[in-house]
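Data block for model_35.txt (compact mmCIF, C-alpha atoms and all ligand atoms):
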```txt
# COMPACT_ATOMS: atom_id res chain seq x y z
CA MET A 1 97.61 62.78 70.24
CA SER A 2 100.49 60.46 70.85
CA GLN A 3 101.81 62.28 73.89
CA GLN A 4 100.47 61.85 77.38
CA HIS A 5 98.10 64.58 78.58
CA ASP A 6 97.67 65.52 82.18
CA THR A 7 94.01 66.22 81.50
CA LEU A 8 91.81 65.62 78.52
CA TRP A 9 88.52 67.52 78.38
CA THR A 10 86.20 65.64 76.06
CA ASN A 11 82.78 66.38 74.64
CA VAL A 12 83.16 70.18 74.49
CA ASN A 13 82.35 72.83 71.88
CA VAL A 14 85.22 75.26 71.60
CA TYR A 15 85.12 78.96 70.77
CA THR A 16 88.83 79.23 70.06
CA ALA A 17 89.06 83.03 69.46
CA SER A 18 91.72 82.07 66.91
CA GLY A 19 91.70 81.58 63.15
CA ALA A 20 90.29 78.10 63.79
CA GLY A 21 86.96 79.65 64.79
CA ILE A 22 84.53 77.24 66.41
CA ILE A 23 85.26 73.52 66.85
CA GLU A 24 82.24 71.47 67.89
CA ASN A 25 82.36 68.01 69.49
CA ALA A 26 85.97 68.60 70.39
CA ALA A 27 88.53 67.77 73.03
CA ILE A 28 91.14 69.91 74.78
CA GLY A 29 94.29 68.26 76.02
CA VAL A 30 96.37 69.92 78.72
CA ARG A 31 99.95 69.15 79.55
CA ASP A 32 102.17 71.04 82.00
CA GLY A 33 99.64 73.86 82.23
CA THR A 34 99.65 74.36 78.47
CA ILE A 35 97.16 73.47 75.75
CA ALA A 36 98.63 70.43 74.02
CA TRP A 37 95.66 69.52 71.87
CA VAL A 38 92.49 71.11 70.62
CA GLY A 39 90.49 69.41 67.94
CA PRO A 40 88.16 66.56 67.18
CA LEU A 41 87.56 64.06 69.92
CA PRO A 42 90.47 61.60 69.72
CA GLY A 43 88.18 58.59 69.93
CA ASP A 44 86.36 59.77 66.82
CA SER A 45 89.49 59.74 64.73
CA GLY A 46 90.42 56.30 65.95
CA LYS A 47 93.36 57.49 68.06
CA PRO A 48 93.75 56.30 71.62
CA ILE A 49 92.86 58.56 74.51
CA ASP A 50 96.15 58.96 76.31
CA ALA A 51 95.58 61.07 79.39
CA ARG A 52 95.99 60.75 83.12
CA GLU A 53 92.57 62.24 83.72
CA VAL A 54 89.63 62.44 81.33
CA ILE A 55 86.83 64.88 82.11
CA ASP A 56 83.52 64.79 80.29
CA GLY A 57 82.65 68.39 79.33
CA ARG A 58 78.98 67.40 78.89
CA SER A 59 78.57 69.42 75.69
CA ARG A 60 79.50 72.69 77.39
CA TRP A 61 80.81 75.62 75.36
CA VAL A 62 84.39 76.57 76.13
CA LEU A 63 85.81 80.08 75.84
CA PRO A 64 89.39 81.19 76.43
CA GLY A 65 89.91 82.43 80.00
CA LEU A 66 88.71 86.02 80.06
CA VAL A 67 91.24 88.84 80.12
CA ASP A 68 90.22 92.03 81.94
CA CYS A 69 92.78 94.43 80.49
CA HIS A 70 91.87 97.71 82.25
CA THR A 71 90.99 97.84 85.95
CA HIS A 72 91.51 100.04 88.97
CA LEU A 73 90.72 97.12 91.29
CA VAL A 74 92.84 98.26 94.25
CA PHE A 75 91.20 101.16 96.09
CA ALA A 76 89.62 102.01 99.42
CA GLY A 77 86.10 103.24 100.06
CA GLN A 78 83.34 103.82 97.53
CA ARG A 79 81.68 106.82 95.86
CA ALA A 80 77.95 106.16 95.97
CA GLY A 81 77.51 109.78 97.06
CA GLU A 82 78.85 110.90 93.67
CA PHE A 83 76.43 108.52 91.98
CA GLU A 84 73.62 110.34 93.79
CA ALA A 85 75.13 113.74 92.93
CA ARG A 86 75.20 112.79 89.23
CA LEU A 87 71.59 111.62 89.46
CA ALA A 88 70.82 115.07 90.82
CA GLY A 89 72.46 116.68 87.81
CA SER A 90 76.19 117.14 88.57
CA SER A 91 78.70 115.96 85.97
CA TYR A 92 81.79 113.79 86.53
CA GLU A 93 83.94 116.75 85.54
CA GLU A 94 82.18 119.13 87.96
CA ILE A 95 82.54 116.64 90.82
CA SER A 96 86.22 116.25 89.97
CA ARG A 97 86.85 120.00 89.84
CA ALA A 98 85.16 120.37 93.24
CA GLY A 99 87.71 118.03 94.82
CA GLY A 100 85.69 114.81 94.55
CA GLY A 101 86.20 112.14 91.94
CA ILE A 102 89.62 110.50 91.74
CA ALA A 103 90.94 112.81 94.50
CA SER A 104 88.35 111.44 96.91
CA THR A 105 89.52 107.86 96.35
CA VAL A 106 93.11 109.07 96.66
CA ARG A 107 92.34 110.32 100.17
CA SER A 108 90.82 107.02 101.31
CA THR A 109 93.48 104.89 99.60
CA ARG A 110 96.32 106.83 101.19
CA ASP A 111 94.71 106.29 104.61
CA ALA A 112 94.13 102.55 104.14
CA SER A 113 96.60 99.91 105.31
CA GLU A 114 98.08 97.48 102.79
CA GLU A 115 96.11 94.70 104.46
CA THR A 116 92.78 96.52 104.15
CA LEU A 117 93.48 97.31 100.50
CA PHE A 118 94.35 93.67 99.88
CA GLN A 119 91.22 92.30 101.56
CA ASP A 120 88.93 94.77 99.79
CA ALA A 121 90.45 94.08 96.39
CA ALA A 122 90.41 90.31 97.04
CA GLY A 123 86.65 90.43 97.54
CA ARG A 124 86.23 92.19 94.22
CA LEU A 125 88.66 89.88 92.44
CA ARG A 126 86.68 86.81 93.57
CA GLN A 127 83.62 88.18 91.83
CA LEU A 128 85.49 88.88 88.59
CA LEU A 129 86.93 85.35 88.64
CA ARG A 130 83.47 83.82 88.95
CA ASP A 131 82.70 85.31 85.52
CA GLY A 132 85.67 83.44 84.07
CA VAL A 133 88.52 85.96 84.33
CA THR A 134 91.95 84.32 84.37
CA THR A 135 94.11 87.39 83.64
CA ILE A 136 93.63 90.86 85.04
CA GLU A 137 95.44 94.15 84.67
CA ILE A 138 95.47 96.31 87.81
CA LYS A 139 96.51 99.97 87.88
CA SER A 140 97.92 102.10 90.64
CA GLY A 141 96.91 105.78 90.58
CA TYR A 142 94.99 106.31 93.81
CA GLY A 143 98.12 106.90 95.87
CA LEU A 144 100.08 109.58 94.01
CA THR A 145 102.92 109.51 96.52
CA ILE A 146 105.79 107.12 96.07
CA GLU A 147 104.86 105.22 99.24
CA SER A 148 101.18 104.85 98.46
CA GLU A 149 101.70 103.98 94.79
CA GLU A 150 104.14 101.31 95.99
CA LYS A 151 101.51 100.07 98.47
CA MET A 152 98.94 99.70 95.68
CA LEU A 153 101.29 97.90 93.31
CA LYS A 154 102.41 95.52 96.05
CA VAL A 155 98.78 94.67 96.76
CA ALA A 156 98.26 93.99 93.05
CA ARG A 157 101.27 91.65 92.99
CA ARG A 158 100.06 89.89 96.17
CA LEU A 159 96.67 89.29 94.55
CA GLY A 160 98.45 87.48 91.73
CA GLU A 161 100.20 85.24 94.26
CA ALA A 162 97.12 84.57 96.38
CA PHE A 163 94.66 83.83 93.55
CA PRO A 164 94.79 81.53 90.52
CA VAL A 165 94.90 84.51 88.17
CA ARG A 166 97.64 86.24 86.27
CA VAL A 167 98.00 89.86 87.40
CA VAL A 168 99.60 92.50 85.18
CA THR A 169 100.44 95.76 86.95
CA THR A 170 100.26 99.24 85.48
CA PHE A 171 101.72 102.38 87.02
CA LEU A 172 99.20 105.24 86.82
CA GLY A 173 100.97 107.96 88.78
CA ALA A 174 99.75 110.41 86.12
CA HIS A 175 96.11 109.87 87.05
CA THR A 176 95.41 113.30 88.49
CA LEU A 177 97.33 116.09 90.16
CA PRO A 178 97.47 115.35 93.91
CA PRO A 179 96.24 118.20 96.17
CA GLU A 180 99.70 118.95 97.59
CA TYR A 181 100.89 119.72 94.05
CA ALA A 182 97.79 121.73 93.02
CA ASP A 183 99.98 124.74 92.19
CA ASP A 184 103.02 122.84 91.01
CA ARG A 185 102.28 120.64 87.99
CA LYS A 186 105.94 120.60 86.98
CA GLY A 187 106.94 119.46 90.46
CA TYR A 188 104.54 116.53 90.37
CA LEU A 189 105.70 115.47 86.91
CA ARG A 190 109.27 115.62 88.16
CA LEU A 191 108.29 113.40 91.08
CA ILE A 192 106.76 110.86 88.67
CA CYS A 193 109.64 110.94 86.19
CA ASP A 194 112.65 111.28 88.47
CA ASP A 195 111.54 109.37 91.57
CA MET A 196 108.43 107.22 91.30
CA LEU A 197 109.02 105.54 87.96
CA PRO A 198 112.69 104.61 88.42
CA ALA A 199 112.18 103.44 92.02
CA LEU A 200 109.03 101.38 91.46
CA ALA A 201 110.30 99.92 88.19
CA GLY A 202 113.52 99.05 90.00
CA GLN A 203 111.49 96.99 92.46
CA GLY A 204 109.89 95.08 89.58
CA LEU A 205 106.45 96.44 90.46
CA ILE A 206 105.59 97.91 87.04
CA ASP A 207 104.66 96.00 83.89
CA ALA A 208 103.38 99.04 81.95
CA VAL A 209 102.87 102.80 82.30
CA ASP A 210 99.53 104.59 81.87
CA GLY A 211 98.19 108.13 82.28
CA PHE A 212 94.96 110.11 82.11
CA CYS A 213 95.23 112.51 79.18
CA GLU A 214 92.36 114.94 79.62
CA ARG A 215 91.65 118.57 80.40
CA ILE A 216 91.01 117.63 84.07
CA ALA A 217 94.25 115.63 84.21
CA PHE A 218 97.38 115.77 81.99
CA THR A 219 98.15 117.20 78.54
CA PRO A 220 99.71 115.18 75.70
CA GLU A 221 102.97 117.13 76.23
CA GLU A 222 103.05 116.18 79.91
CA MET A 223 102.25 112.56 79.13
CA GLY A 224 105.01 112.58 76.53
CA ARG A 225 107.53 113.30 79.26
CA VAL A 226 106.24 110.40 81.35
CA PHE A 227 106.34 108.11 78.29
CA ASP A 228 109.94 109.13 77.56
CA VAL A 229 110.94 107.87 80.99
CA ALA A 230 108.88 104.70 80.53
CA ARG A 231 110.69 104.11 77.25
CA SER A 232 114.09 104.63 78.85
CA LEU A 233 113.14 102.01 81.45
CA GLY A 234 112.01 99.60 78.74
CA LEU A 235 108.36 99.70 79.86
CA PRO A 236 105.41 99.62 77.42
CA VAL A 237 102.83 102.42 77.61
CA LYS A 238 99.07 102.87 77.32
CA LEU A 239 96.76 105.81 77.84
CA HIS A 240 93.31 106.89 79.06
CA ALA A 241 92.53 108.93 75.96
CA GLU A 242 89.65 110.92 74.51
CA GLN A 243 87.25 109.97 77.32
CA LEU A 244 85.66 113.38 77.91
CA SER A 245 87.09 115.41 75.02
CA ASP A 246 89.33 115.06 71.96
CA SER A 247 92.64 115.90 73.65
CA GLY A 248 94.97 114.26 71.15
CA GLY A 249 95.84 111.43 73.54
CA ALA A 250 95.38 108.61 71.06
CA ALA A 251 97.81 110.20 68.57
CA LEU A 252 100.36 110.59 71.36
CA ALA A 253 99.85 106.98 72.44
CA ALA A 254 100.31 105.83 68.84
CA ARG A 255 103.51 107.87 68.51
CA TYR A 256 104.95 105.91 71.44
CA GLY A 257 103.76 102.58 70.01
CA ALA A 258 101.35 102.17 72.92
CA LEU A 259 99.85 98.77 73.63
CA SER A 260 96.45 100.40 73.92
CA ALA A 261 94.49 103.63 74.06
CA ASP A 262 91.44 103.32 76.28
CA HIS A 263 87.93 104.88 76.48
CA LEU A 264 88.06 106.76 73.12
CA GLU A 265 84.54 108.19 73.04
CA TYR A 266 85.86 111.40 71.44
CA LEU A 267 88.46 109.74 69.19
CA SER A 268 88.87 111.52 65.84
CA GLU A 269 89.25 109.90 62.44
CA ASP A 270 92.89 110.96 62.42
CA GLY A 271 93.36 109.31 65.83
CA VAL A 272 91.87 106.08 64.48
CA ARG A 273 94.28 106.14 61.53
CA ARG A 274 97.29 106.64 63.77
CA MET A 275 96.22 103.82 66.05
CA ALA A 276 95.85 101.55 63.03
CA GLU A 277 99.37 102.44 61.88
CA SER A 278 100.95 101.78 65.26
CA GLY A 279 98.99 98.60 66.00
CA THR A 280 97.56 100.13 69.16
CA VAL A 281 94.52 98.30 70.57
CA ALA A 282 91.32 100.29 71.21
CA VAL A 283 90.08 99.36 74.68
CA LEU A 284 86.36 100.13 74.95
CA LEU A 285 84.93 100.70 78.42
CA PRO A 286 81.14 100.69 78.20
CA GLY A 287 80.76 100.65 82.00
CA ALA A 288 82.19 104.16 82.23
CA PHE A 289 80.16 105.36 79.23
CA TYR A 290 77.01 104.03 80.89
CA THR A 291 77.78 105.26 84.41
CA LEU A 292 78.64 108.78 83.27
CA ARG A 293 75.56 108.82 81.02
CA ASP A 294 77.77 109.71 78.10
CA THR A 295 76.05 110.12 74.76
CA GLN A 296 79.15 110.25 72.54
CA ARG A 297 79.97 106.73 71.39
CA PRO A 298 83.49 105.61 70.43
CA PRO A 299 83.85 105.49 66.62
CA VAL A 300 83.42 101.73 66.34
CA GLY A 301 82.64 101.83 62.62
CA LEU A 302 85.90 103.67 61.86
CA LEU A 303 87.93 101.38 64.15
CA ARG A 304 86.44 98.39 62.36
CA LYS A 305 87.10 99.88 58.94
CA GLN A 306 90.73 100.69 59.76
CA GLY A 307 91.30 97.27 61.31
CA VAL A 308 92.10 98.53 64.80
CA PRO A 309 91.67 95.60 67.20
CA MET A 310 88.98 96.32 69.79
CA ALA A 311 89.12 95.05 73.37
CA VAL A 312 86.42 95.39 76.02
CA SER A 313 87.14 95.78 79.71
CA THR A 314 85.45 96.60 83.03
CA ASP A 315 87.50 99.69 84.00
CA ALA A 316 86.46 98.48 87.49
CA ASN A 317 86.76 101.54 89.72
CA PRO A 318 84.69 103.27 92.41
CA GLY A 319 83.91 106.38 90.36
CA SER A 320 83.17 105.95 86.69
CA SER A 321 82.65 102.19 86.43
CA PRO A 322 81.61 100.40 89.62
CA THR A 323 81.19 96.98 88.03
CA LEU A 324 82.60 93.55 88.77
CA SER A 325 81.35 91.73 85.68
CA LEU A 326 83.33 91.55 82.47
CA ARG A 327 80.47 89.56 80.94
CA LEU A 328 78.08 92.44 81.55
CA MET A 329 80.59 94.70 79.78
CA ALA A 330 80.49 92.39 76.75
CA ASN A 331 76.73 92.79 76.74
CA MET A 332 77.01 96.57 77.01
CA ALA A 333 79.63 96.72 74.25
CA CYS A 334 77.11 95.03 71.95
CA GLN A 335 74.08 96.89 73.17
CA LEU A 336 75.55 100.40 73.58
CA PHE A 337 78.44 100.41 71.09
CA SER A 338 76.98 98.02 68.48
CA LEU A 339 79.78 95.47 68.59
CA THR A 340 78.89 92.10 67.13
CA VAL A 341 78.94 89.15 69.52
CA ASP A 342 82.14 87.91 67.89
CA GLU A 343 83.76 91.32 68.36
CA ALA A 344 82.73 91.35 72.02
CA LEU A 345 84.02 87.80 72.57
CA HIS A 346 87.33 88.64 70.90
CA GLY A 347 87.30 91.87 72.92
CA VAL A 348 87.39 90.07 76.27
CA THR A 349 89.84 87.38 75.13
CA ILE A 350 92.43 87.65 72.36
CA ASN A 351 92.24 91.41 71.79
CA ALA A 352 92.39 92.08 75.52
CA ALA A 353 95.47 89.84 75.63
CA LYS A 354 96.94 91.93 72.82
CA ALA A 355 96.22 95.10 74.81
CA LEU A 356 98.53 93.63 77.48
CA GLY A 357 101.16 92.47 74.99
CA LEU A 358 100.38 88.87 75.97
CA ASP A 359 98.60 87.57 72.88
CA ALA A 360 101.35 85.05 72.16
CA GLU A 361 100.70 83.39 75.54
CA ILE A 362 97.01 83.76 76.37
CA GLY A 363 93.66 84.90 74.95
CA SER A 364 92.79 82.00 72.64
CA ILE A 365 92.46 78.24 72.76
CA GLU A 366 95.38 77.12 70.64
CA ILE A 367 98.11 74.56 71.03
CA GLY A 368 101.02 76.07 72.93
CA LYS A 369 99.01 78.67 74.80
CA ARG A 370 98.48 78.69 78.54
CA ALA A 371 95.59 76.39 79.46
CA ASP A 372 93.20 79.10 80.64
CA PHE A 373 89.60 78.41 79.71
CA VAL A 374 86.06 78.64 80.97
CA LEU A 375 83.20 76.19 80.45
CA LEU A 376 79.78 77.78 80.05
CA ASP A 377 76.37 76.33 80.65
CA VAL A 378 74.89 77.67 77.40
CA ASP A 379 73.55 76.40 74.07
CA GLU A 380 75.55 78.83 71.94
CA PRO A 381 78.44 81.29 72.45
CA ALA A 382 76.21 84.35 71.85
CA GLU A 383 74.61 83.68 75.21
CA PHE A 384 77.79 84.98 76.82
CA ALA A 385 76.86 88.49 75.72
CA TYR A 386 73.10 87.98 75.87
CA TRP A 387 72.33 87.30 79.52
CA LEU A 388 72.27 90.26 81.88
CA GLY A 389 73.86 89.04 85.09
CA GLY A 390 73.23 85.64 86.61
CA ASN A 391 75.86 82.96 86.51
CA ILE A 392 76.63 80.81 83.48
CA VAL A 393 80.11 79.55 84.35
CA SER A 394 80.25 75.85 85.16
CA GLU A 395 84.03 75.28 85.20
CA LEU A 396 87.09 77.49 85.25
CA VAL A 397 90.56 76.24 84.33
CA SER A 398 93.59 78.41 85.01
CA GLY A 399 97.04 77.29 83.89
CA GLY A 400 95.61 73.78 83.48
CA THR A 401 94.27 73.64 87.04
CA ARG A 402 90.56 73.04 87.49
CA LEU A 403 89.35 75.57 90.04
CA ASP A 404 86.75 75.05 92.69
CA LEU A 405 84.47 77.99 91.96
CA ALA A 406 82.59 77.69 95.23
CA ALA A 407 85.86 77.96 97.17
CA LEU A 408 87.19 81.05 95.39
O1 LIG B 1 89.19 105.01 83.72
N1 LIG B 1 89.45 108.27 83.62
C1 LIG B 1 90.18 108.17 84.57
N2 LIG B 1 90.26 107.13 85.40
C2 LIG B 1 89.20 106.22 85.69
C3 LIG B 1 88.24 106.77 86.66
C4 LIG B 1 88.77 106.76 87.99
C5 LIG B 1 87.85 107.30 89.02
O2 LIG B 1 86.88 108.05 88.72
O3 LIG B 1 88.13 106.98 90.18
C6 LIG B 1 88.53 105.73 84.44
O4 LIG B 1 87.36 106.01 84.16
FE FE B 2 90.45 103.67 83.80
```
Structure translated into structure tokens:
Amino acid sequence: MSQQHDTLWTNVNVYTASGAGIIENAAIGVRDGTIAWVGPLPGDSGKPIDAREVIDGRSRWVLPGLVDCHTHLVFAGQRAGEFEARLAGSSYEEISRAGGGIASTVRSTRDASEETLFQDAAGRLRQLLRDGVTTIEIKSGYGLTIESEEKMLKVARRLGEAFPVRVVTTFLGAHTLPPEYADDRKGYLRLICDDMLPALAGQGLIDAVDGFCERIAFTPEEMGRVFDVARSLGLPVKLHAEQLSDSGGAALAARYGALSADHLEYLSEDGVRRMAESGTVAVLLPGAFYTLRDTQRPPVGLLRKQGVPMAVSTDANPGSSPTLSLRLMANMACQLFSLTVDEALHGVTINAAKALGLDAEIGSIEIGKRADFVLLDVDEPAEFAYWLGGNIVSELVSGGTRLDLAAL
């Protein structure tokens, strides 16, 4: 505690999401946007409080800033009509095969201006931030032409500049086959591999490469080609895998050392083992499971047994997961997938950071990490996953800066 802090938060209880576990009656010191101290209140150990600003945390619980590691936040329009069609008995797959689903959002996103996309996504981002999100991954994948994928990724980057949140972009050109390539799968894959990926990566718009490996989208062989190009460009990969069927996506993802494989309802025991070997994070998306009225749960017991880190994310999108609350997803992960509260809390913090390859920088409250944290108006950390909705965030700190939640 000898060095000067910019800010010292006193009188807080800290859920570190690190090996240190919980530290009650603690203080967090911030210097240059980084956590410089977390531990017992300095006054208690007889050391002087040496900070420019001291803020009384009034016994609040502090969590690491939340990390939403899988979103499709940039899109135009909405798909409430499909919600009604599913209520009337249609399945997600049937709607997709009939030209709805992802293709419907592709049509509206192609037609939307960059400004409209930005404003729409900004409104959604504000709501995610109010839950305590300080890092968000945003995918492309509703453009499927080089120009419209570029438009989406630029909007994602702009969001990161306009809001006090770190944005990580993911290229999802392999989301579905666009209508103009309905009879030319090879042609579309060539477009992704030879044109889209090199050009968009060259502009610095891509942090990672994703795909939808499923019988209504792309095969493992096709995704392998996309991943080969990603690898040659030095970009990490991840995959929508085993959402509607066991398509062998997780094994492919593991073979490429993917950061994560996501959804995983139909993941096999062999897939779990391969993910464990490659250190690939399992990203669970209970919002999509719930919305599609799925009954097949991801194999949480096997993932736990094999030591595969589990993350939890919103999958925010207009079709399969129209949610803007990562906290609600933590609740659903516990309620629907039987995660423990600790697993859910790690799932929206340190393991989500790992799913983005950023666990050395964010995701826990530890000295040296970016000072992203959220103060909650609760008596114990379990309340984070217990309340359905409402608002329990009292303070949000991003990169050391105390945000004005009302002004977001
Ligand atoms: O993660 N599974 C594929 N992609 C999205 C759904 C996108 C959509 O339906 O618009 C998902 O669930
Ligand atoms: Fe998704």
Correct to one decimal, the distance atom CA of A:Pro220-atom N1 of ligand LIG 1 (chain B) is 14.7 Å
What does the distance between atom CA of A:Ser18 and atom CA of A:Val168 come to in Å, to one decimal place?
22.5 Å
I'd like a table as a Markdown table: residues in chain A with an atom no more than 10 Å from ligand FE 2 (chain B), each row giving the shortest atom pair and its distance in Å to one decimal, all atoms listed in the file counted, sorted by chain and rising residue number.
```
| residue | atom | partner | partner_atom | distance |
| --- | --- | --- | --- | --- |
| A:His70 | CA | B:FE2 | FE | 6.3 |
| A:Thr71 | CA | B:FE2 | FE | 6.2 |
| A:His72 | CA | B:FE2 | FE | 6.4 |
| A:Leu73 | CA | B:FE2 | FE | 10.0 |
| A:Ile138 | CA | B:FE2 | FE | 9.8 |
| A:Lys139 | CA | B:FE2 | FE | 8.2 |
| A:Gly141 | CA | B:FE2 | FE | 9.6 |
| A:Leu172 | CA | B:FE2 | FE | 9.4 |
| A:His175 | CA | B:FE2 | FE | 9.0 |
| A:Asp210 | CA | B:FE2 | FE | 9.3 |
| A:Gly211 | CA | B:FE2 | FE | 9.1 |
| A:Phe212 | CA | B:FE2 | FE | 8.0 |
| A:Leu239 | CA | B:FE2 | FE | 8.9 |
| A:His240 | CA | B:FE2 | FE | 6.4 |
| A:Ala241 | CA | B:FE2 | FE | 9.7 |
| A:Gln243 | CA | B:FE2 | FE | 9.6 |
| A:Asp262 | CA | B:FE2 | FE | 7.6 |
| A:His263 | CA | B:FE2 | FE | 7.8 |
| A:Leu285 | CA | B:FE2 | FE | 8.3 |
| A:Ala288 | CA | B:FE2 | FE | 8.4 |
| A:Ser313 | CA | B:FE2 | FE | 9.5 |
| A:Thr314 | CA | B:FE2 | FE | 8.7 |
| A:Asp315 | CA | B:FE2 | FE | 5.0 |
| A:Ala316 | CA | B:FE2 | FE | 7.5 |
| A:Asn317 | CA | B:FE2 | FE | 7.3 |
| A:Gly319 | CA | B:FE2 | FE | 9.7 |
| A:Ser320 | CA | B:FE2 | FE | 8.2 |
| A:Ser321 | CA | B:FE2 | FE | 8.4 |
```
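Using only C-alpha atoms for every distance, the candidate list A:Ala385, A:Ile28, A:Leu356, A:Ala282 yields A:Ile28 as the residue closest to A:His5.
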By how many Å are atom CA of A:Ala333 and atom CA of A:Gly287 apart?
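For atom CA of A:Ala333 relative to atom CA of A:Gly287, the distance reads 8.8 Å.
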So that I can see what lies close to A:Leu328, please list as a ChimeraX atom specification the residues with an atom at most 7 Å from it, counting only C-alpha atoms and leaving out residues fewer than 3 positions away in the same chain.
/A:325,331-332,388-389
Near-A:Arg370 list (12 Å; only C-alpha atoms; drop same-chain fewer than 5 positions) as a ChimeraX atom specification
/A:29-37,64-65,134-135,165-166,353,358-365,397-401
When you look at stretch 341-348 of chain A with a cut-off of 7 Å (counting all atoms listed in the file), what residues show up, excluding the ones that are within fewer than 6 positions of it in the same chain? I need them as a ChimeraX atom specification.
/A:17,66-68,310-313,330,333-334,382,385
Take the residues that were just selected and, keeping C-alpha atoms, output them as an mmCIF file, in the coordinates of the input.
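Now in result-v2.cif:
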```cif
data_model
loop_
_atom_site.group_PDB
_atom_site.id
_atom_site.type_symbol
_atom_site.label_atom_id
_atom_site.label_comp_id
_atom_site.auth_asym_id
_atom_site.auth_seq_id
_atom_site.Cartn_x
_atom_site.Cartn_y
_atom_site.Cartn_z
ATOM 1 C CA ALA A 17 89.060 83.030 69.460
ATOM 2 C CA LEU A 66 88.710 86.020 80.060
ATOM 3 C CA VAL A 67 91.240 88.840 80.120
ATOM 4 C CA ASP A 68 90.220 92.030 81.940
ATOM 5 C CA MET A 310 88.980 96.320 69.790
ATOM 6 C CA ALA A 311 89.120 95.050 73.370
ATOM 7 C CA VAL A 312 86.420 95.390 76.020
ATOM 8 C CA SER A 313 87.140 95.780 79.710
ATOM 9 C CA ALA A 330 80.490 92.390 76.750
ATOM 10 C CA ALA A 333 79.630 96.720 74.250
ATOM 11 C CA CYS A 334 77.110 95.030 71.950
ATOM 12 C CA ALA A 382 76.210 84.350 71.850
ATOM 13 C CA ALA A 385 76.860 88.490 75.720
#
```
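Residues within 7 Å of stretch 194-204 of chain A, counting only C-alpha atoms and excluding same-chain residues fewer than 3 positions away, are Ile146, Glu150, Arg190 and Leu191 of chain A.
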For A:Ala122, list every protein, DNA or RNA residue within 12 Å, evaluated using all atoms listed in the file, and leave out those in the same chain fewer than 2 positions away; present the list as a PyMOL selection string.
chain A and resi 73-76+114-120+124-129+155-165+324+408
Could you write out that same residue set with C-alpha atoms as a PDB file, in the coordinates of the input?
```pdb
ATOM      1  CA  LEU A  73      90.720  97.120  91.290  1.00  0.00           C
ATOM      2  CA  VAL A  74      92.840  98.260  94.250  1.00  0.00           C
ATOM      3  CA  PHE A  75      91.200 101.160  96.090  1.00  0.00           C
ATOM      4  CA  ALA A  76      89.620 102.010  99.420  1.00  0.00           C
ATOM      5  CA  GLU A 114      98.080  97.480 102.790  1.00  0.00           C
ATOM      6  CA  GLU A 115      96.110  94.700 104.460  1.00  0.00           C
ATOM      7  CA  THR A 116      92.780  96.520 104.150  1.00  0.00           C
ATOM      8  CA  LEU A 117      93.480  97.310 100.500  1.00  0.00           C
ATOM      9  CA  PHE A 118      94.350  93.670  99.880  1.00  0.00           C
ATOM     10  CA  GLN A 119      91.220  92.300 101.560  1.00  0.00           C
ATOM     11  CA  ASP A 120      88.930  94.770  99.790  1.00  0.00           C
ATOM     12  CA  ARG A 124      86.230  92.190  94.220  1.00  0.00           C
ATOM     13  CA  LEU A 125      88.660  89.880  92.440  1.00  0.00           C
ATOM     14  CA  ARG A 126      86.680  86.810  93.570  1.00  0.00           C
ATOM     15  CA  GLN A 127      83.620  88.180  91.830  1.00  0.00           C
ATOM     16  CA  LEU A 128      85.490  88.880  88.590  1.00  0.00           C
ATOM     17  CA  LEU A 129      86.930  85.350  88.640  1.00  0.00           C
ATOM     18  CA  VAL A 155      98.780  94.670  96.760  1.00  0.00           C
ATOM     19  CA  ALA A 156      98.260  93.990  93.050  1.00  0.00           C
ATOM     20  CA  ARG A 157     101.270  91.650  92.990  1.00  0.00           C
ATOM     21  CA  ARG A 158     100.060  89.890  96.170  1.00  0.00           C
ATOM     22  CA  LEU A 159      96.670  89.290  94.550  1.00  0.00           C
ATOM     23  CA  GLY A 160      98.450  87.480  91.730  1.00  0.00           C
ATOM     24  CA  GLU A 161     100.200  85.240  94.260  1.00  0.00           C
ATOM     25  CA  ALA A 162      97.120  84.570  96.380  1.00  0.00           C
ATOM     26  CA  PHE A 163      94.660  83.830  93.550  1.00  0.00           C
ATOM     27  CA  PRO A 164      94.790  81.530  90.520  1.00  0.00           C
ATOM     28  CA  VAL A 165      94.900  84.510  88.170  1.00  0.00           C
ATOM     29  CA  LEU A 324      82.600  93.550  88.770  1.00  0.00           C
ATOM     30  CA  LEU A 408      87.190  81.050  95.390  1.00  0.00           C
TER      31      LEU A 408
END
```
Nearest-residue call for ligand LIG 1 (chain B), choices A:Phe171, A:Tyr142, A:Phe337, A:Tyr256, using all atoms listed in the file
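Ranked by minimum distance to ligand LIG 1 (chain B), first place goes to A:Tyr142.
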Where is the centre and how long are the edges: axis-aligned box on stretch 310-328 of chain A, 5 Å on each side, Å to one decimal, as JSON:
```
{"center_x": 83.6, "center_y": 98.0, "center_z": 81.1, "size_x": 21.0, "size_y": 26.8, "size_z": 32.6}
```
Which of these, A:Tyr290, A:Phe227, A:Trp387, A:Tyr92, has the shortest distance to ligand LIG 1 (chain B) once you count only C-alpha atoms and all ligand atoms?
A:Tyr92
